[in-house]
Amino acid sequence: MRTLIALAVSLLSFAAQADELSTGQLLEFCTSKDEMVQTACRYFILGVVQGVGAGDGIVLSGRKFTERTKTHFCVPDNMAQKEMVQTFVSYTNAVLLKYPDDIKLPALSTLEAAMNFKHPCR
């Protein structure tokens, strides 16, 4: 547990130093042979997917939150973290073949595009 906390702290400080995590950095984490680094990847992706999903499904109207139709992506409720990671890795590898400079883009943007591509809202 201490190792995971130390990894998370170093990951966050690394991201803070570089302003934000790049697509290339997240891809490295997700394809690492180190299980702890892969765990950091999974939890980063899970946090983004859940955060965007929650924020996208509500809107502040006056003084209360109301539900709205999602617009970013609609992942299945039972989607496993491993599948989320595979979606990001597959999409990113395919995009980088055609647009290698996209490796410098924010990981958040590429992850959202990958989820939207694989699980668009209808």
# chains A, B, ... in the order shown; residues from 1 in each chain; ligands from 1
$ residues_around --residues "range 43-56 of chain A" --least-positions-apart "4" --cutoff "9 Å" --atoms "only C-alpha atoms" --output "VMD selection string"
chain A and resid 26 38 to 39 68 to 75 81 84 to 85 88 108 111 to 112 115
$ write_last_selection --atoms "C-alpha atoms" --output "mmCIF file, in the first residue's frame"
data_model
loop_
_atom_site.group_PDB
_atom_site.id
_atom_site.type_symbol
_atom_site.label_atom_id
_atom_site.label_comp_id
_atom_site.auth_asym_id
_atom_site.auth_seq_id
_atom_site.Cartn_x
_atom_site.Cartn_y
_atom_site.Cartn_z
ATOM 1 C CA LEU A 26 0.067 7.749 -20.003
ATOM 2 C CA GLN A 38 0.023 -0.200 -14.613
ATOM 3 C CA THR A 39 -2.149 0.250 -11.515
ATOM 4 C CA ARG A 68 -29.156 15.907 -18.816
ATOM 5 C CA THR A 69 -28.379 13.745 -21.806
ATOM 6 C CA LYS A 70 -24.734 12.716 -21.874
ATOM 7 C CA THR A 71 -22.691 14.088 -24.746
ATOM 8 C CA HIS A 72 -19.062 12.976 -24.291
ATOM 9 C CA PHE A 73 -19.184 9.182 -24.149
ATOM 10 C CA CYS A 74 -21.406 6.450 -22.745
ATOM 11 C CA VAL A 75 -19.364 3.553 -21.426
ATOM 12 C CA GLN A 81 -10.834 -1.101 -15.856
ATOM 13 C CA MET A 84 -10.894 0.960 -20.408
ATOM 14 C CA VAL A 85 -7.099 0.742 -20.534
ATOM 15 C CA PHE A 88 -7.079 3.892 -24.620
ATOM 16 C CA LEU A 108 -7.089 13.643 -20.859
ATOM 17 C CA LEU A 111 -8.559 9.384 -23.400
ATOM 18 C CA GLU A 112 -11.825 11.238 -23.906
ATOM 19 C CA MET A 115 -13.858 6.601 -25.135
#
$ select_by_dssp --residues "chain A" --states "alpha helix (DSSP H)" --output "VMD selection string"
chain A and resid 2 to 17 23 to 30 35 to 56 81 to 98 107 to 118
$ atom_distance --atom1 "CA of Cys41 in chain A" --atom2 "CA of Ser90 in chain A"
14.4 Å
$ decode --residues "range 77-92 of chain A" --atoms "all heavy atoms" --output "mmCIF file, in the first residue's frame"
data_model
loop_
_atom_site.group_PDB
_atom_site.id
_atom_site.type_symbol
_atom_site.label_atom_id
_atom_site.label_comp_id
_atom_site.auth_asym_id
_atom_site.auth_seq_id
_atom_site.Cartn_x
_atom_site.Cartn_y
_atom_site.Cartn_z
ATOM 1 N N ASP A 77 -22.040 0.457 -17.871
ATOM 2 C CA ASP A 77 -21.865 0.521 -16.418
ATOM 3 C C ASP A 77 -20.929 -0.554 -15.892
ATOM 4 O O ASP A 77 -20.244 -0.349 -14.897
ATOM 5 C CB ASP A 77 -23.216 0.405 -15.709
ATOM 6 C CG ASP A 77 -24.074 1.650 -15.910
ATOM 7 O OD1 ASP A 77 -23.509 2.733 -16.165
ATOM 8 O OD2 ASP A 77 -25.309 1.528 -15.809
ATOM 9 N N ASN A 78 -20.898 -1.696 -16.534
ATOM 10 C CA ASN A 78 -20.092 -2.817 -16.044
ATOM 11 C C ASN A 78 -18.741 -2.938 -16.756
ATOM 12 O O ASN A 78 -18.104 -3.985 -16.697
ATOM 13 C CB ASN A 78 -20.875 -4.123 -16.183
ATOM 14 C CG ASN A 78 -21.232 -4.424 -17.632
ATOM 15 O OD1 ASN A 78 -21.098 -3.584 -18.508
ATOM 16 N ND2 ASN A 78 -21.717 -5.624 -17.876
ATOM 17 N N MET A 79 -18.289 -1.886 -17.405
ATOM 18 C CA MET A 79 -17.022 -1.938 -18.134
ATOM 19 C C MET A 79 -15.857 -2.068 -17.152
ATOM 20 O O MET A 79 -15.715 -1.262 -16.230
ATOM 21 C CB MET A 79 -16.853 -0.687 -18.986
ATOM 22 C CG MET A 79 -15.656 -0.728 -19.894
ATOM 23 S SD MET A 79 -15.665 0.745 -20.960
ATOM 24 C CE MET A 79 -14.311 0.396 -22.019
ATOM 25 N N ALA A 80 -15.014 -3.060 -17.355
ATOM 26 C CA ALA A 80 -13.867 -3.306 -16.483
ATOM 27 C C ALA A 80 -12.758 -2.297 -16.745
ATOM 28 O O ALA A 80 -12.607 -1.795 -17.862
ATOM 29 C CB ALA A 80 -13.338 -4.718 -16.705
ATOM 30 N N GLN A 81 -11.968 -2.022 -15.713
ATOM 31 C CA GLN A 81 -10.834 -1.101 -15.856
ATOM 32 C C GLN A 81 -9.889 -1.585 -16.948
ATOM 33 O O GLN A 81 -9.371 -0.777 -17.720
ATOM 34 C CB GLN A 81 -10.063 -0.991 -14.543
ATOM 35 C CG GLN A 81 -10.760 -0.205 -13.482
ATOM 36 C CD GLN A 81 -9.924 -0.111 -12.218
ATOM 37 O OE1 GLN A 81 -8.755 -0.468 -12.185
ATOM 38 N NE2 GLN A 81 -10.534 0.380 -11.157
ATOM 39 N N LYS A 82 -9.677 -2.877 -17.005
ATOM 40 C CA LYS A 82 -8.770 -3.453 -18.006
ATOM 41 C C LYS A 82 -9.246 -3.110 -19.424
ATOM 42 O O LYS A 82 -8.454 -2.804 -20.306
ATOM 43 C CB LYS A 82 -8.705 -4.970 -17.810
ATOM 44 C CG LYS A 82 -7.666 -5.654 -18.639
ATOM 45 C CD LYS A 82 -7.595 -7.134 -18.274
ATOM 46 C CE LYS A 82 -6.478 -7.808 -19.024
ATOM 47 N NZ LYS A 82 -6.313 -9.201 -18.630
ATOM 48 N N GLU A 83 -10.555 -3.138 -19.630
ATOM 49 C CA GLU A 83 -11.113 -2.803 -20.950
ATOM 50 C C GLU A 83 -10.957 -1.310 -21.250
ATOM 51 O O GLU A 83 -10.705 -0.916 -22.384
ATOM 52 C CB GLU A 83 -12.581 -3.214 -21.021
ATOM 53 C CG GLU A 83 -13.162 -3.085 -22.407
ATOM 54 C CD GLU A 83 -14.616 -3.509 -22.496
ATOM 55 O OE1 GLU A 83 -15.120 -4.170 -21.570
ATOM 56 O OE2 GLU A 83 -15.258 -3.162 -23.504
ATOM 57 N N MET A 84 -11.094 -0.480 -20.223
ATOM 58 C CA MET A 84 -10.894 0.960 -20.408
ATOM 59 C C MET A 84 -9.455 1.237 -20.842
ATOM 60 O O MET A 84 -9.225 2.033 -21.760
ATOM 61 C CB MET A 84 -11.180 1.717 -19.109
ATOM 62 C CG MET A 84 -12.611 1.731 -18.694
ATOM 63 S SD MET A 84 -12.779 2.615 -17.120
ATOM 64 C CE MET A 84 -14.375 2.039 -16.602
ATOM 65 N N VAL A 85 -8.514 0.574 -20.190
ATOM 66 C CA VAL A 85 -7.099 0.742 -20.534
ATOM 67 C C VAL A 85 -6.859 0.264 -21.961
ATOM 68 O O VAL A 85 -6.191 0.944 -22.746
ATOM 69 C CB VAL A 85 -6.190 -0.012 -19.531
ATOM 70 C CG1 VAL A 85 -4.750 -0.018 -20.017
ATOM 71 C CG2 VAL A 85 -6.294 0.611 -18.147
ATOM 72 N N GLN A 86 -7.414 -0.891 -22.313
ATOM 73 C CA GLN A 86 -7.222 -1.434 -23.658
ATOM 74 C C GLN A 86 -7.816 -0.502 -24.714
ATOM 75 O O GLN A 86 -7.236 -0.318 -25.786
ATOM 76 C CB GLN A 86 -7.827 -2.832 -23.773
ATOM 77 C CG GLN A 86 -7.503 -3.522 -25.083
ATOM 78 C CD GLN A 86 -6.010 -3.595 -25.357
ATOM 79 O OE1 GLN A 86 -5.207 -3.921 -24.494
ATOM 80 N NE2 GLN A 86 -5.607 -3.269 -26.578
ATOM 81 N N THR A 87 -8.939 0.116 -24.400
ATOM 82 C CA THR A 87 -9.550 1.080 -25.319
ATOM 83 C C THR A 87 -8.598 2.243 -25.565
ATOM 84 O O THR A 87 -8.368 2.642 -26.708
ATOM 85 C CB THR A 87 -10.894 1.597 -24.751
ATOM 86 O OG1 THR A 87 -11.794 0.496 -24.630
ATOM 87 C CG2 THR A 87 -11.501 2.666 -25.636
ATOM 88 N N PHE A 88 -8.026 2.780 -24.487
ATOM 89 C CA PHE A 88 -7.079 3.892 -24.620
ATOM 90 C C PHE A 88 -5.848 3.472 -25.411
ATOM 91 O O PHE A 88 -5.434 4.172 -26.341
ATOM 92 C CB PHE A 88 -6.662 4.408 -23.233
ATOM 93 C CG PHE A 88 -5.505 5.367 -23.284
ATOM 94 C CD1 PHE A 88 -5.686 6.673 -23.704
ATOM 95 C CD2 PHE A 88 -4.220 4.960 -22.942
ATOM 96 C CE1 PHE A 88 -4.611 7.557 -23.779
ATOM 97 C CE2 PHE A 88 -3.141 5.832 -23.013
ATOM 98 C CZ PHE A 88 -3.338 7.128 -23.423
ATOM 99 N N VAL A 89 -5.252 2.340 -25.060
ATOM 100 C CA VAL A 89 -4.010 1.892 -25.703
ATOM 101 C C VAL A 89 -4.242 1.612 -27.192
ATOM 102 O O VAL A 89 -3.463 2.072 -28.045
ATOM 103 C CB VAL A 89 -3.429 0.652 -24.979
ATOM 104 C CG1 VAL A 89 -2.286 0.039 -25.769
ATOM 105 C CG2 VAL A 89 -2.960 1.039 -23.577
ATOM 106 N N SER A 90 -5.293 0.899 -27.518
ATOM 107 C CA SER A 90 -5.574 0.564 -28.928
ATOM 108 C C SER A 90 -5.819 1.814 -29.760
ATOM 109 O O SER A 90 -5.259 1.974 -30.847
ATOM 110 C CB SER A 90 -6.800 -0.349 -29.029
ATOM 111 O OG SER A 90 -6.566 -1.554 -28.386
ATOM 112 N N TYR A 91 -6.672 2.692 -29.241
ATOM 113 C CA TYR A 91 -6.993 3.926 -29.954
ATOM 114 C C TYR A 91 -5.735 4.775 -30.143
ATOM 115 O O TYR A 91 -5.459 5.257 -31.244
ATOM 116 C CB TYR A 91 -8.056 4.713 -29.177
ATOM 117 C CG TYR A 91 -8.373 6.065 -29.768
ATOM 118 C CD1 TYR A 91 -9.324 6.183 -30.775
ATOM 119 C CD2 TYR A 91 -7.727 7.218 -29.331
ATOM 120 C CE1 TYR A 91 -9.623 7.430 -31.329
ATOM 121 C CE2 TYR A 91 -8.010 8.456 -29.873
ATOM 122 C CZ TYR A 91 -8.959 8.554 -30.878
ATOM 123 O OH TYR A 91 -9.242 9.779 -31.427
ATOM 124 N N THR A 92 -4.972 4.940 -29.078
ATOM 125 C CA THR A 92 -3.778 5.787 -29.128
ATOM 126 C C THR A 92 -2.756 5.242 -30.113
ATOM 127 O O THR A 92 -2.190 5.998 -30.918
ATOM 128 C CB THR A 92 -3.167 5.934 -27.722
ATOM 129 O OG1 THR A 92 -4.164 6.494 -26.859
ATOM 130 C CG2 THR A 92 -1.946 6.824 -27.746
#
